[in-house]
Structure formats: structure tokens, C-alpha cells
file work-v4.cif (mmCIF, C-alpha atoms, pLDDT in the B column; chains and numbers go by the auth columns)
data_target
#
loop_
_atom_site.group_PDB
_atom_site.id
_atom_site.type_symbol
_atom_site.label_atom_id
_atom_site.label_comp_id
_atom_site.label_asym_id
_atom_site.label_seq_id
_atom_site.Cartn_x
_atom_site.Cartn_y
_atom_site.Cartn_z
_atom_site.B_iso_or_equiv
_atom_site.auth_seq_id
_atom_site.auth_asym_id
ATOM 1 C CA MET A 1 0.000 0.000 0.000 94.00 21 Z
ATOM 2 C CA ALA A 2 1.335 3.441 -0.936 98.00 22 Z
ATOM 3 C CA ARG A 3 0.651 6.790 0.691 98.00 23 Z
ATOM 4 C CA ILE A 4 -0.214 9.441 -1.887 99.00 24 Z
ATOM 5 C CA LEU A 5 -0.938 13.179 -1.829 99.00 25 Z
ATOM 6 C CA ILE A 6 -2.904 14.638 -4.739 99.00 26 Z
ATOM 7 C CA THR A 7 -2.980 18.423 -5.015 98.00 27 Z
ATOM 8 C CA GLY A 8 -6.049 20.142 -6.403 98.00 28 Z
ATOM 9 C CA SER A 9 -8.190 17.089 -5.790 98.00 29 Z
ATOM 10 C CA ALA A 10 -11.522 18.471 -4.568 97.00 30 Z
ATOM 11 C CA ASP A 11 -13.058 17.557 -7.929 96.00 31 Z
ATOM 12 C CA GLY A 12 -12.160 16.688 -11.507 96.00 32 Z
ATOM 13 C CA LEU A 13 -9.229 14.469 -12.427 97.00 33 Z
ATOM 14 C CA GLY A 14 -7.556 14.854 -9.047 98.00 34 Z
ATOM 15 C CA LEU A 15 -10.593 13.493 -7.227 98.00 35 Z
ATOM 16 C CA MET A 16 -11.017 10.740 -9.819 98.00 36 Z
ATOM 17 C CA ALA A 17 -7.402 9.650 -9.344 98.00 37 Z
ATOM 18 C CA GLY A 18 -7.931 9.696 -5.584 98.00 38 Z
ATOM 19 C CA GLN A 19 -11.044 7.547 -5.839 98.00 39 Z
ATOM 20 C CA HIS A 20 -9.242 5.072 -8.071 98.00 40 Z
ATOM 21 C CA LEU A 21 -6.237 4.811 -5.750 98.00 41 Z
ATOM 22 C CA ALA A 22 -8.231 4.640 -2.521 98.00 42 Z
ATOM 23 C CA ARG A 23 -10.448 1.903 -3.881 96.00 43 Z
ATOM 24 C CA SER A 24 -7.323 0.008 -4.895 98.00 44 Z
ATOM 25 C CA GLY A 25 -6.252 -0.043 -1.251 98.00 45 Z
ATOM 26 C CA HIS A 26 -3.870 2.919 -1.131 98.00 46 Z
ATOM 27 C CA GLU A 27 -3.855 5.681 1.470 98.00 47 Z
ATOM 28 C CA VAL A 28 -4.883 8.923 -0.225 98.00 48 Z
ATOM 29 C CA VAL A 29 -4.689 12.465 1.086 98.00 49 Z
ATOM 30 C CA LEU A 30 -6.616 15.058 -0.899 98.00 50 Z
ATOM 31 C CA HIS A 31 -6.115 18.815 -1.161 98.00 51 Z
ATOM 32 C CA ALA A 32 -8.663 21.622 -1.572 98.00 52 Z
ATOM 33 C CA ARG A 33 -8.277 25.372 -1.681 98.00 53 Z
ATOM 34 C CA SER A 34 -10.879 26.071 1.023 98.00 54 Z
ATOM 35 C CA ASP A 35 -12.600 24.385 3.945 98.00 55 Z
ATOM 36 C CA ALA A 36 -15.885 24.271 2.033 98.00 56 Z
ATOM 37 C CA ARG A 37 -14.295 22.505 -0.915 98.00 57 Z
ATOM 38 C CA GLY A 38 -12.434 20.259 1.483 98.00 58 Z
ATOM 39 C CA GLU A 39 -15.716 19.144 3.036 98.00 59 Z
ATOM 40 C CA ALA A 40 -17.122 18.435 -0.421 97.00 60 Z
ATOM 41 C CA ALA A 41 -14.041 16.333 -1.185 98.00 61 Z
ATOM 42 C CA ARG A 42 -14.532 14.366 2.040 97.00 62 Z
ATOM 43 C CA ARG A 43 -18.107 13.608 1.055 98.00 63 Z
ATOM 44 C CA ALA A 44 -17.021 12.546 -2.430 98.00 64 Z
ATOM 45 C CA LEU A 45 -14.277 10.280 -1.091 98.00 65 Z
ATOM 46 C CA PRO A 46 -14.986 9.243 2.500 98.00 66 Z
ATOM 47 C CA GLU A 47 -12.197 6.656 2.219 97.00 67 Z
ATOM 48 C CA ALA A 48 -9.592 9.436 2.024 98.00 68 Z
ATOM 49 C CA ALA A 49 -7.123 9.482 4.901 98.00 69 Z
ATOM 50 C CA GLY A 50 -7.332 13.268 5.083 98.00 70 Z
ATOM 51 C CA VAL A 51 -7.833 16.537 3.247 98.00 71 Z
ATOM 52 C CA LEU A 52 -5.334 19.392 3.305 98.00 72 Z
ATOM 53 C CA THR A 53 -6.733 22.884 2.783 98.00 73 Z
ATOM 54 C CA GLY A 54 -4.984 25.956 1.462 98.00 74 Z
ATOM 55 C CA ASP A 55 -5.166 28.222 -1.551 98.00 75 Z
ATOM 56 C CA VAL A 56 -1.944 27.852 -3.533 98.00 76 Z
ATOM 57 C CA VAL A 57 -2.519 31.137 -5.359 98.00 77 Z
ATOM 58 C CA THR A 58 -0.131 32.779 -2.872 98.00 78 Z
ATOM 59 C CA ILE A 59 3.321 31.801 -1.695 98.00 79 Z
ATOM 60 C CA ALA A 60 2.055 31.838 1.895 98.00 80 Z
ATOM 61 C CA GLY A 61 -0.729 29.445 0.912 98.00 81 Z
ATOM 62 C CA MET A 62 1.734 27.125 -0.816 98.00 82 Z
ATOM 63 C CA ARG A 63 3.917 27.102 2.286 98.00 83 Z
ATOM 64 C CA ALA A 64 0.910 26.341 4.483 98.00 84 Z
ATOM 65 C CA VAL A 65 -0.080 23.352 2.350 98.00 85 Z
ATOM 66 C CA ALA A 66 3.488 22.031 2.419 98.00 86 Z
ATOM 67 C CA ALA A 67 3.598 22.390 6.211 98.00 87 Z
ATOM 68 C CA GLN A 68 0.309 20.504 6.582 98.00 88 Z
ATOM 69 C CA ALA A 69 1.584 17.769 4.280 98.00 89 Z
ATOM 70 C CA ASN A 70 4.801 17.320 6.253 98.00 90 Z
ATOM 71 C CA ALA A 71 2.897 17.266 9.534 98.00 91 Z
ATOM 72 C CA THR A 72 1.011 14.168 8.385 98.00 92 Z
ATOM 73 C CA GLY A 73 4.165 12.198 7.597 98.00 93 Z
ATOM 74 C CA ARG A 74 6.141 11.252 4.502 98.00 94 Z
ATOM 75 C CA PHE A 75 4.341 10.375 1.272 99.00 95 Z
ATOM 76 C CA ASP A 76 5.410 7.672 -1.154 99.00 96 Z
ATOM 77 C CA ALA A 77 4.139 9.760 -4.065 99.00 97 Z
ATOM 78 C CA VAL A 78 2.857 13.251 -4.742 99.00 98 Z
ATOM 79 C CA ILE A 79 0.663 13.938 -7.784 99.00 99 Z
ATOM 80 C CA HIS A 80 0.885 17.618 -8.735 98.00 100 Z
ATOM 81 C CA ASN A 81 -2.578 17.927 -10.216 98.00 101 Z
ATOM 82 C CA VAL A 82 -3.477 21.454 -9.076 98.00 102 Z
ATOM 83 C CA GLY A 83 -4.063 23.844 -11.960 97.00 103 Z
ATOM 84 C CA ILE A 84 -6.407 26.241 -13.713 97.00 104 Z
ATOM 85 C CA GLY A 85 -7.374 26.538 -17.367 94.00 105 Z
ATOM 86 C CA TYR A 86 -6.938 28.896 -20.277 93.00 106 Z
ATOM 87 C CA ARG A 87 -9.948 31.187 -19.981 92.00 107 Z
ATOM 88 C CA GLU A 88 -8.497 34.098 -17.992 96.00 108 Z
ATOM 89 C CA PRO A 89 -9.337 37.203 -20.067 97.00 109 Z
ATOM 90 C CA ARG A 90 -6.452 39.275 -18.687 97.00 110 Z
ATOM 91 C CA ARG A 91 -3.348 38.983 -16.553 98.00 111 Z
ATOM 92 C CA ILE A 92 -4.642 38.706 -12.997 98.00 112 Z
ATOM 93 C CA PRO A 93 -2.049 39.634 -10.368 98.00 113 Z
ATOM 94 C CA THR A 94 -1.877 37.674 -7.121 98.00 114 Z
ATOM 95 C CA ALA A 95 -1.210 39.175 -3.700 98.00 115 Z
ATOM 96 C CA ASP A 96 2.469 38.492 -4.433 98.00 116 Z
ATOM 97 C CA GLY A 97 2.235 40.454 -7.698 98.00 117 Z
ATOM 98 C CA LEU A 98 2.603 37.334 -9.827 98.00 118 Z
ATOM 99 C CA SER A 99 0.523 36.064 -12.710 98.00 119 Z
ATOM 100 C CA HIS A 100 -2.409 34.134 -11.201 98.00 120 Z
ATOM 101 C CA LEU A 101 -2.110 31.392 -13.803 98.00 121 Z
ATOM 102 C CA PHE A 102 1.662 31.014 -13.411 98.00 122 Z
ATOM 103 C CA ALA A 103 1.421 30.993 -9.622 98.00 123 Z
ATOM 104 C CA ILE A 104 -1.043 28.100 -9.508 98.00 124 Z
ATOM 105 C CA ASN A 105 0.114 26.063 -12.502 98.00 125 Z
ATOM 106 C CA VAL A 106 3.891 26.389 -12.158 98.00 126 Z
ATOM 107 C CA LEU A 107 5.044 28.012 -8.943 98.00 127 Z
ATOM 108 C CA ALA A 108 2.852 25.880 -6.665 98.00 128 Z
ATOM 109 C CA PRO A 109 4.225 22.580 -8.057 98.00 129 Z
ATOM 110 C CA TYR A 110 7.759 23.962 -7.715 99.00 130 Z
ATOM 111 C CA LEU A 111 7.411 25.167 -4.130 99.00 131 Z
ATOM 112 C CA LEU A 112 5.483 22.112 -2.947 99.00 132 Z
ATOM 113 C CA THR A 113 8.170 19.921 -4.514 99.00 133 Z
ATOM 114 C CA ALA A 114 10.877 21.912 -2.761 98.00 134 Z
ATOM 115 C CA LEU A 115 9.194 21.986 0.669 99.00 135 Z
ATOM 116 C CA ILE A 116 7.381 18.655 1.028 99.00 136 Z
ATOM 117 C CA GLU A 117 9.555 15.847 2.359 98.00 137 Z
ATOM 118 C CA ARG A 118 10.996 14.089 -0.663 98.00 138 Z
ATOM 119 C CA PRO A 119 8.807 11.167 -1.805 99.00 139 Z
ATOM 120 C CA ASP A 120 9.797 8.223 -3.987 98.00 140 Z
ATOM 121 C CA ARG A 121 7.695 9.430 -6.916 99.00 141 Z
ATOM 122 C CA LEU A 122 6.566 12.777 -8.282 99.00 142 Z
ATOM 123 C CA VAL A 123 3.946 13.131 -11.004 99.00 143 Z
ATOM 124 C CA TYR A 124 3.246 16.407 -12.840 99.00 144 Z
ATOM 125 C CA LEU A 125 0.184 17.032 -14.996 98.00 145 Z
ATOM 126 C CA SER A 126 0.812 18.802 -18.273 98.00 146 Z
ATOM 127 C CA SER A 127 -1.248 19.123 -21.443 97.00 147 Z
ATOM 128 C CA GLY A 128 -1.188 18.201 -25.113 96.00 148 Z
ATOM 129 C CA MET A 129 -1.084 21.963 -25.676 96.00 149 Z
ATOM 130 C CA HIS A 130 2.391 22.287 -24.175 97.00 150 Z
ATOM 131 C CA PRO A 131 4.363 22.122 -27.483 97.00 151 Z
ATOM 132 C CA GLY A 132 2.660 25.353 -28.547 95.00 152 Z
ATOM 133 C CA GLY A 133 3.723 27.031 -25.325 95.00 153 Z
ATOM 134 C CA ARG A 134 7.427 27.668 -25.707 94.00 154 Z
ATOM 135 C CA PRO A 135 7.720 30.519 -23.191 96.00 155 Z
ATOM 136 C CA ASP A 136 9.579 33.781 -23.145 96.00 156 Z
ATOM 137 C CA MET A 137 11.924 32.897 -20.287 97.00 157 Z
ATOM 138 C CA ASP A 138 12.593 36.600 -19.719 97.00 158 Z
ATOM 139 C CA ASP A 139 8.896 37.364 -19.252 98.00 159 Z
ATOM 140 C CA LEU A 140 7.364 34.389 -17.460 98.00 160 Z
ATOM 141 C CA GLN A 141 4.983 36.754 -15.633 97.00 161 Z
ATOM 142 C CA TRP A 142 3.576 38.365 -18.805 98.00 162 Z
ATOM 143 C CA GLU A 143 4.581 41.799 -17.557 97.00 163 Z
ATOM 144 C CA ARG A 144 5.735 43.065 -20.966 97.00 164 Z
ATOM 145 C CA ARG A 145 3.736 40.989 -23.412 97.00 165 Z
ATOM 146 C CA ARG A 146 0.115 41.511 -24.355 97.00 166 Z
ATOM 147 C CA TRP A 147 -1.916 38.922 -22.474 98.00 167 Z
ATOM 148 C CA ASN A 148 -3.055 35.806 -24.301 97.00 168 Z
ATOM 149 C CA GLY A 149 -4.776 33.358 -21.959 97.00 169 Z
ATOM 150 C CA LEU A 150 -4.476 30.368 -24.277 97.00 170 Z
ATOM 151 C CA GLN A 151 -0.771 30.967 -24.831 98.00 171 Z
ATOM 152 C CA ALA A 152 -0.139 31.603 -21.121 98.00 172 Z
ATOM 153 C CA TYR A 153 -1.823 28.307 -20.272 97.00 173 Z
ATOM 154 C CA ALA A 154 0.179 26.401 -22.888 98.00 174 Z
ATOM 155 C CA GLU A 155 3.358 27.985 -21.528 98.00 175 Z
ATOM 156 C CA SER A 156 2.505 26.904 -17.995 98.00 176 Z
ATOM 157 C CA LYS A 157 2.050 23.322 -19.150 98.00 177 Z
ATOM 158 C CA PHE A 158 5.344 23.446 -21.065 98.00 178 Z
ATOM 159 C CA LEU A 159 7.015 24.637 -17.865 98.00 179 Z
ATOM 160 C CA ASP A 160 5.445 21.783 -15.884 98.00 180 Z
ATOM 161 C CA VAL A 161 7.172 19.297 -18.189 98.00 181 Z
ATOM 162 C CA ALA A 162 10.479 21.164 -17.879 98.00 182 Z
ATOM 163 C CA LEU A 163 10.009 21.174 -14.099 98.00 183 Z
ATOM 164 C CA ALA A 164 9.440 17.412 -14.018 99.00 184 Z
ATOM 165 C CA PHE A 165 12.533 16.758 -16.118 99.00 185 Z
ATOM 166 C CA GLY A 166 14.626 19.194 -14.089 98.00 186 Z
ATOM 167 C CA VAL A 167 13.575 17.451 -10.873 99.00 187 Z
ATOM 168 C CA ALA A 168 14.358 14.045 -12.390 98.00 188 Z
ATOM 169 C CA ARG A 169 17.848 15.250 -13.352 98.00 189 Z
ATOM 170 C CA ARG A 170 18.650 16.879 -10.017 98.00 190 Z
ATOM 171 C CA TRP A 171 17.100 14.169 -7.847 98.00 191 Z
ATOM 172 C CA PRO A 172 18.104 10.864 -9.485 98.00 192 Z
ATOM 173 C CA ASP A 173 16.789 8.935 -6.470 98.00 193 Z
ATOM 174 C CA VAL A 174 13.233 10.174 -7.170 98.00 194 Z
ATOM 175 C CA ARG A 175 11.077 9.025 -10.082 98.00 195 Z
ATOM 176 C CA ALA A 176 9.717 12.253 -11.571 99.00 196 Z
ATOM 177 C CA ASN A 177 7.529 12.165 -14.658 99.00 197 Z
ATOM 178 C CA ALA A 178 4.995 14.291 -16.535 99.00 198 Z
ATOM 179 C CA LEU A 179 1.888 13.378 -18.490 98.00 199 Z
ATOM 180 C CA GLU A 180 -1.007 14.698 -20.483 97.00 200 Z
ATOM 181 C CA PRO A 181 -4.440 13.373 -19.491 97.00 201 Z
ATOM 182 C CA GLY A 182 -6.110 14.362 -22.767 89.00 202 Z
ATOM 183 C CA TRP A 183 -8.661 17.076 -23.440 80.00 203 Z
ATOM 184 C CA VAL A 184 -11.559 15.728 -21.442 73.00 204 Z
ATOM 185 C CA PRO A 185 -14.961 17.118 -20.376 74.00 205 Z
ATOM 186 C CA THR A 186 -14.116 18.244 -16.859 78.00 206 Z
ATOM 187 C CA ARG A 187 -14.985 21.660 -15.437 71.00 207 Z
ATOM 188 C CA MET A 188 -11.668 22.892 -16.819 72.00 208 Z
ATOM 189 C CA GLY A 189 -11.880 21.115 -20.172 74.00 209 Z
ATOM 190 C CA GLY A 190 -15.479 22.068 -20.906 73.00 210 Z
ATOM 191 C CA PRO A 191 -18.431 19.940 -22.034 77.00 211 Z
ATOM 192 C CA GLY A 192 -17.291 19.742 -25.659 74.00 212 Z
ATOM 193 C CA ALA A 193 -13.899 18.159 -24.943 70.00 213 Z
ATOM 194 C CA PRO A 194 -13.477 15.099 -27.178 71.00 214 Z
ATOM 195 C CA ASP A 195 -11.185 12.724 -25.246 78.00 215 Z
ATOM 196 C CA ASP A 196 -12.169 9.826 -22.995 81.00 216 Z
ATOM 197 C CA LEU A 197 -12.836 10.967 -19.431 86.00 217 Z
ATOM 198 C CA ALA A 198 -12.709 7.378 -18.182 88.00 218 Z
ATOM 199 C CA GLN A 199 -9.018 7.188 -19.142 90.00 219 Z
ATOM 200 C CA ALA A 200 -7.919 10.653 -18.078 95.00 220 Z
ATOM 201 C CA HIS A 201 -7.049 9.936 -14.438 97.00 221 Z
ATOM 202 C CA LEU A 202 -5.441 6.525 -14.823 98.00 222 Z
ATOM 203 C CA THR A 203 -1.926 7.441 -15.964 98.00 223 Z
ATOM 204 C CA GLN A 204 -1.173 9.636 -12.959 98.00 224 Z
ATOM 205 C CA ALA A 205 -2.444 6.948 -10.597 98.00 225 Z
ATOM 206 C CA TRP A 206 -0.368 4.323 -12.416 98.00 226 Z
ATOM 207 C CA LEU A 207 2.789 6.442 -12.254 98.00 227 Z
ATOM 208 C CA ALA A 208 2.248 6.953 -8.517 99.00 228 Z
ATOM 209 C CA VAL A 209 2.035 3.290 -7.510 98.00 229 Z
ATOM 210 C CA ALA A 210 2.594 0.736 -10.280 98.00 230 Z
ATOM 211 C CA ASP A 211 5.522 -1.688 -10.151 98.00 231 Z
ATOM 212 C CA GLU A 212 5.822 -2.095 -13.917 97.00 232 Z
ATOM 213 C CA PRO A 213 9.282 -1.065 -15.182 98.00 233 Z
ATOM 214 C CA LEU A 214 7.866 1.752 -17.317 98.00 234 Z
ATOM 215 C CA ALA A 215 5.958 3.225 -14.383 98.00 235 Z
ATOM 216 C CA ARG A 216 9.142 3.094 -12.321 98.00 236 Z
ATOM 217 C CA SER A 217 11.165 5.059 -14.883 98.00 237 Z
ATOM 218 C CA THR A 218 11.997 8.748 -14.497 98.00 238 Z
ATOM 219 C CA GLY A 219 12.287 11.858 -16.630 98.00 239 Z
ATOM 220 C CA ARG A 220 9.660 10.706 -19.113 98.00 240 Z
ATOM 221 C CA TYR A 221 6.421 11.979 -20.595 98.00 241 Z
ATOM 222 C CA PHE A 222 3.266 9.863 -20.879 98.00 242 Z
ATOM 223 C CA TYR A 223 -0.177 9.736 -22.419 98.00 243 Z
ATOM 224 C CA HIS A 224 -2.549 6.910 -21.464 97.00 244 Z
ATOM 225 C CA ARG A 225 0.223 4.882 -19.799 98.00 245 Z
ATOM 226 C CA ALA A 226 2.381 4.966 -22.926 98.00 246 Z
ATOM 227 C CA LEU A 227 5.444 7.039 -23.690 98.00 247 Z
ATOM 228 C CA ARG A 228 4.902 10.171 -25.748 98.00 248 Z
ATOM 229 C CA GLU A 229 7.627 12.511 -26.967 98.00 249 Z
ATOM 230 C CA PRO A 230 7.359 15.979 -25.401 98.00 250 Z
ATOM 231 C CA ASP A 231 8.558 19.211 -26.918 98.00 251 Z
ATOM 232 C CA PRO A 232 12.350 18.717 -27.229 98.00 252 Z
ATOM 233 C CA LEU A 233 13.083 22.045 -25.536 98.00 253 Z
ATOM 234 C CA THR A 234 11.656 20.708 -22.267 98.00 254 Z
ATOM 235 C CA ARG A 235 14.696 18.420 -22.130 98.00 255 Z
ATOM 236 C CA ASP A 236 17.136 21.304 -22.468 98.00 256 Z
ATOM 237 C CA GLU A 237 19.085 21.603 -19.219 98.00 257 Z
ATOM 238 C CA GLY A 238 19.480 25.349 -19.668 98.00 258 Z
ATOM 239 C CA CYS A 239 15.714 25.757 -19.953 98.00 259 Z
ATOM 240 C CA GLN A 240 15.165 23.610 -16.862 98.00 260 Z
ATOM 241 C CA ASP A 241 17.763 25.477 -14.831 98.00 261 Z
ATOM 242 C CA THR A 242 16.418 28.873 -15.892 98.00 262 Z
ATOM 243 C CA LEU A 243 12.961 27.834 -14.695 98.00 263 Z
ATOM 244 C CA LEU A 244 14.220 26.451 -11.389 98.00 264 Z
ATOM 245 C CA ASP A 245 16.290 29.572 -10.774 98.00 265 Z
ATOM 246 C CA ALA A 246 13.315 31.828 -11.578 98.00 266 Z
ATOM 247 C CA CYS A 247 11.065 29.913 -9.187 98.00 267 Z
ATOM 248 C CA ALA A 248 13.736 30.079 -6.495 98.00 268 Z
ATOM 249 C CA ARG A 249 13.957 33.860 -6.870 98.00 269 Z
ATOM 250 C CA LEU A 250 10.208 34.323 -6.776 98.00 270 Z
ATOM 251 C CA THR A 251 9.670 32.151 -3.716 98.00 271 Z
ATOM 252 C CA GLY A 252 12.916 32.708 -1.838 98.00 272 Z
ATOM 253 C CA VAL A 253 13.319 28.914 -1.693 98.00 273 Z
ATOM 254 C CA PRO A 254 16.232 27.426 -3.652 98.00 274 Z
ATOM 255 C CA PHE A 255 15.676 24.000 -5.141 98.00 275 Z
ATOM 256 C CA PRO A 256 17.042 21.526 -2.586 98.00 276 Z
ATOM 257 C CA PRO A 257 20.239 19.654 -3.570 96.00 277 Z
#
call {"tool": "encode", "arguments": {"input": "work-v4.cif", "output": "C-alpha cells"}}
result
Amino acid sequence: MARILITGSADGLGLMAGQHLARSGHEVVLHARSDARGEAARRALPEAAGVLTGDVVTIAGMRAVAAQANATGRFDAVIHNVGIGYREPRRIPTADGLSHLFAINVLAPYLLTALIERPDRLVYLSSGMHPGGRPDMDDLQWERRRWNGLQAYAESKFLDVALAFGVARRWPDVRANALEPGWVPTRMGGPGAPDDLAQAHLTQAWLAVADEPLARSTGRYFYHRALREPDPLTRDEGCQDTLLDACARLTGVPFPP
């Protein structure tokens, strides 16, 4: 039995992965951004071992979630599922002055990775849109560019893949992988999304616990439990290091050696 934390798991794919893992006998801890959503998650998955609450839109909120996670004990796997979609009509600044979308989709996975006691496996959710999101590494916060919500989302998902690969390179004792779940009809994906919702949560659950050699690999990108080639630039060590350094500056937390 494995012990797994799933961020952003009050509903959608995170909750579905939690239900799948809990009903397979694993110990699952969920995460919600508020107490009200946490209670809804408890009702949806009463088998869950616990629910962490905290809004990861701010650095203080990210730190609070990490502290709660560590207080419960070490996890075997963490699934970084938390994220928002591509419909923001403008750049929304957070209390820290950061792009709302970047803070949740990129900075939260970075800081939670850096602060939560190191697990055996880390899983990062990306998107099939990530190859179209090669970012301007000098303007990750969209402070100089004209806002484009679709492009900003694609960039965030590109950066999630680069983050996963950077973690895999720097922490060779941890299995760190990224995946795309497909464009599925969740609240984020919308009712017209064409991919199979029944498959969308299975790869992250598989990467978190499976003993198959492929699931125990690291620094790879998956779609429906099969390897898929990501944008080649995500494998560039300079790109990975630039991202990790930027996140360290923004949070004040260097990536742990």
C-alpha cells in the first residue's frame, strides 16, 4: 500500500485519481483550496485518509499546504494535479504580484516539490497543448507581453514538463515524470472536450504506484500509460535550470540539492 498526496483534488481528475487509488487499497490524502471545498471532497471520497486545505494562489498558501503535508508524515508519491485553465481574459495579479495562472500552474508545483519531504515518486500534470507554449523565459509573468490566456496556459504546461525533467535530473533517487491526461470534459476542459474521461485519471495513478518497469522510470512523458515525446526544448538543461532559478527567486526557496 502506498501513501499518496494529490494536489487540487476536490473535484475533476484529481478526485477521480484519488477515488481510483483509494479503492485500490492505497492511502490517499486530498487537497482543496478552502474548507468548504475540502468538506465536499470528504463527502465525495470518505475513504480518504485526510484533506489538506490551502489556496496555492499565494506563496504563503503554498507554504501552508506544504507544512500541513509534512505534519502528516512522509508520502510515497505526490501527484501535482493542481491547476487552472486557459480562460483568464487578462493577466490577474496575485497578492504576491505574480501572474495568477503562473502561480497556480507552475510556482505551486515547484514550491510544494521543494518543501514537502521528498517522496519516492513525483507526477506532474501537463497538457497536449504544451508544445505550442514555448515561453519567453525573460517574461514568465507576462509583464511586458500583451496577455493571451491560451498561450499563457500552454506555456505553464510546457514549464510543468520542464520542471518534471529538471527534478528528475537533479534528484536521481526520485522518479519524476509528466503526463497529459487528454482534453476531457471536466470543469476545466469544458463539455465539448473530445477525449475519454474514463481514461484521463489513470496514468497519474499508475505512475504513482505501479511496479511495472515503465511506471518506475523517471524523466519521461506519458499519455494513457504509454510514452509520448514531449517538446524537445523541455529536455534542455538550460531551460530547466532557468525555470528552477526563476522559481527560487520568486519564492525565496532554492531547489534543494
call {"tool": "closest_residue", "arguments": {"input": "work-v4.cif", "among": "Z:Phe275, Z:Phe185, Z:Trp203, Z:Tyr241", "to": "Glu257 (chain Z)", "atoms": "only C-alpha atoms"}}
result
Z:Phe185
call {"tool": "closest_residue", "arguments": {"input": "work-v4.cif", "among": "Z:Leu227, Z:Met149, Z:Leu142, Z:Ala80", "to": "Trp191 (chain Z)", "atoms": "only C-alpha atoms"}}
result
Z:Leu142
call {"tool": "resolve_selection", "arguments": {"input": "work-v4.cif", "expression": "the PyMOL selection byres ((chain Z and resi 41) around 10)", "output": "list in words"}}
result
Met21, Ala22, Arg23, Ile24, Leu35, Met36, Ala37, Gly38, Gln39, His40, Ala42, Arg43, Ser44, Gly45, His46, Glu47, Val48, Ala68, Leu222, Ala225, Trp226, Ala228 and Val229 of chain Z
call {"tool": "atom_distance", "arguments": {"input": "work-v4.cif", "atom1": "CA of Arg190 (chain Z)", "atom2": "CA of Arg236 (chain Z)"}}
result
16.9 Å
call {"tool": "resolve_selection", "arguments": {"input": "work-v4.cif", "expression": "the PyMOL selection byres ((chain Z and resi 198) around 12)", "output": "JSON, numbers by chain"}}
result
{"Z": [99, 100, 101, 129, 141, 142, 143, 144, 145, 146, 147, 148, 150, 177, 178, 179, 180, 181, 182, 183, 184, 185, 186, 187, 188, 195, 196, 197, 199, 200, 201, 223, 224, 227, 228, 235, 237, 238, 239, 240, 241, 242, 243, 244, 245, 246, 247, 248, 249, 250, 254, 255]}
call {"tool": "residues_near_point", "arguments": {"input": "work-v4.cif", "point": "(6.0, 20.8, 7.2)", "cutoff": "12 Å", "atoms": "all atoms listed in the file", "output": "list in words"}}
result
Met82, Arg83, Ala84, Val85, Ala86, Ala87, Gln88, Ala89, Asn90, Ala91, Thr92, Gly93, Arg94, Leu132, Thr133, Ala134, Leu135, Ile136, Glu137 and Arg138 of chain Z
call {"tool": "closest_residue", "arguments": {"input": "work-v4.cif", "among": "Z:Pro277, Z:Asp193, Z:Asp156, Z:Pro205", "to": "Cys259 (chain Z)", "atoms": "all atoms listed in the file"}}
result
Z:Asp156
call {"tool": "atom_distance", "arguments": {"input": "work-v4.cif", "atom1": "CA of Ala61 (chain Z)", "atom2": "CA of Gly209 (chain Z)"}}
result
19.7 Å
call {"tool": "closest_residue", "arguments": {"input": "work-v4.cif", "among": "Z:Thr73, Z:Asn125, Z:Thr271, Z:Gln260", "to": "Tyr106 (chain Z)", "atoms": "only C-alpha atoms"}}
result
Z:Asn125
call {"tool": "closest_residue", "arguments": {"input": "work-v4.cif", "among": "Z:Gly103, Z:Gly70, Z:Pro233, Z:Pro276", "to": "Gly28 (chain Z)", "atoms": "only C-alpha atoms"}}
result
Z:Gly103
call {"tool": "closest_residue", "arguments": {"input": "work-v4.cif", "among": "Z:Ile112, Z:Leu217, Z:Cys267, Z:Met208", "to": "Trp167 (chain Z)", "atoms": "all atoms listed in the file"}}
result
Z:Ile112
call {"tool": "atom_distance", "arguments": {"input": "work-v4.cif", "atom1": "CA of Glu59 (chain Z)", "atom2": "CA of Leu33 (chain Z)"}}
result
17.4 Å
call {"tool": "residues_near_point", "arguments": {"input": "work-v4.cif", "point": "(-4.5, 28.8, -24.2)", "cutoff": "10 Å", "atoms": "only C-alpha atoms", "output": "VMD selection string"}}
result
chain Z and resid 105 to 108 149 to 150 152 to 153 168 to 177
call {"tool": "write_last_selection", "arguments": {"input": "work-v4.cif", "atoms": "C-alpha atoms", "output": "mmCIF file, keeping the file's coordinate frame"}}
result
data_model
loop_
_atom_site.group_PDB
_atom_site.id
_atom_site.type_symbol
_atom_site.label_atom_id
_atom_site.label_comp_id
_atom_site.auth_asym_id
_atom_site.auth_seq_id
_atom_site.Cartn_x
_atom_site.Cartn_y
_atom_site.Cartn_z
ATOM 1 C CA GLY Z 105 -7.374 26.538 -17.367
ATOM 2 C CA TYR Z 106 -6.938 28.896 -20.277
ATOM 3 C CA ARG Z 107 -9.948 31.187 -19.981
ATOM 4 C CA GLU Z 108 -8.497 34.098 -17.992
ATOM 5 C CA MET Z 149 -1.084 21.963 -25.676
ATOM 6 C CA HIS Z 150 2.391 22.287 -24.175
ATOM 7 C CA GLY Z 152 2.660 25.353 -28.547
ATOM 8 C CA GLY Z 153 3.723 27.031 -25.325
ATOM 9 C CA ASN Z 168 -3.055 35.806 -24.301
ATOM 10 C CA GLY Z 169 -4.776 33.358 -21.959
ATOM 11 C CA LEU Z 170 -4.476 30.368 -24.277
ATOM 12 C CA GLN Z 171 -0.771 30.967 -24.831
ATOM 13 C CA ALA Z 172 -0.139 31.603 -21.121
ATOM 14 C CA TYR Z 173 -1.823 28.307 -20.272
ATOM 15 C CA ALA Z 174 0.179 26.401 -22.888
ATOM 16 C CA GLU Z 175 3.358 27.985 -21.528
ATOM 17 C CA SER Z 176 2.505 26.904 -17.995
ATOM 18 C CA LYS Z 177 2.050 23.322 -19.150
#
call {"tool": "residues_around", "arguments": {"input": "work-v4.cif", "residues": "Thr206 (chain Z)", "least_positions_apart": "6", "cutoff": "10 Å", "atoms": "only C-alpha atoms", "output": "PDB file with C-alpha atoms, keeping the file's coordinate frame"}}
result
ATOM      1  CA  ASP Z  31     -13.058  17.557  -7.929  1.00 96.00           C
ATOM      2  CA  GLY Z  32     -12.160  16.688 -11.507  1.00 96.00           C
ATOM      3  CA  LEU Z  33      -9.229  14.469 -12.427  1.00 97.00           C
ATOM      4  CA  GLY Z 212     -17.291  19.742 -25.659  1.00 74.00           C
ATOM      5  CA  ALA Z 213     -13.899  18.159 -24.943  1.00 70.00           C
ATOM      6  CA  LEU Z 217     -12.836  10.967 -19.431  1.00 86.00           C
ATOM      7  CA  ALA Z 220      -7.919  10.653 -18.078  1.00 95.00           C
TER       8      ALA Z 220
END
call {"tool": "resolve_selection", "arguments": {"input": "work-v4.cif", "expression": "the PyMOL selection byres ((chain Z and resi 26) around 6)", "output": "PyMOL selection string"}}
result
chain Z and resi 25+27+29+50+98-99
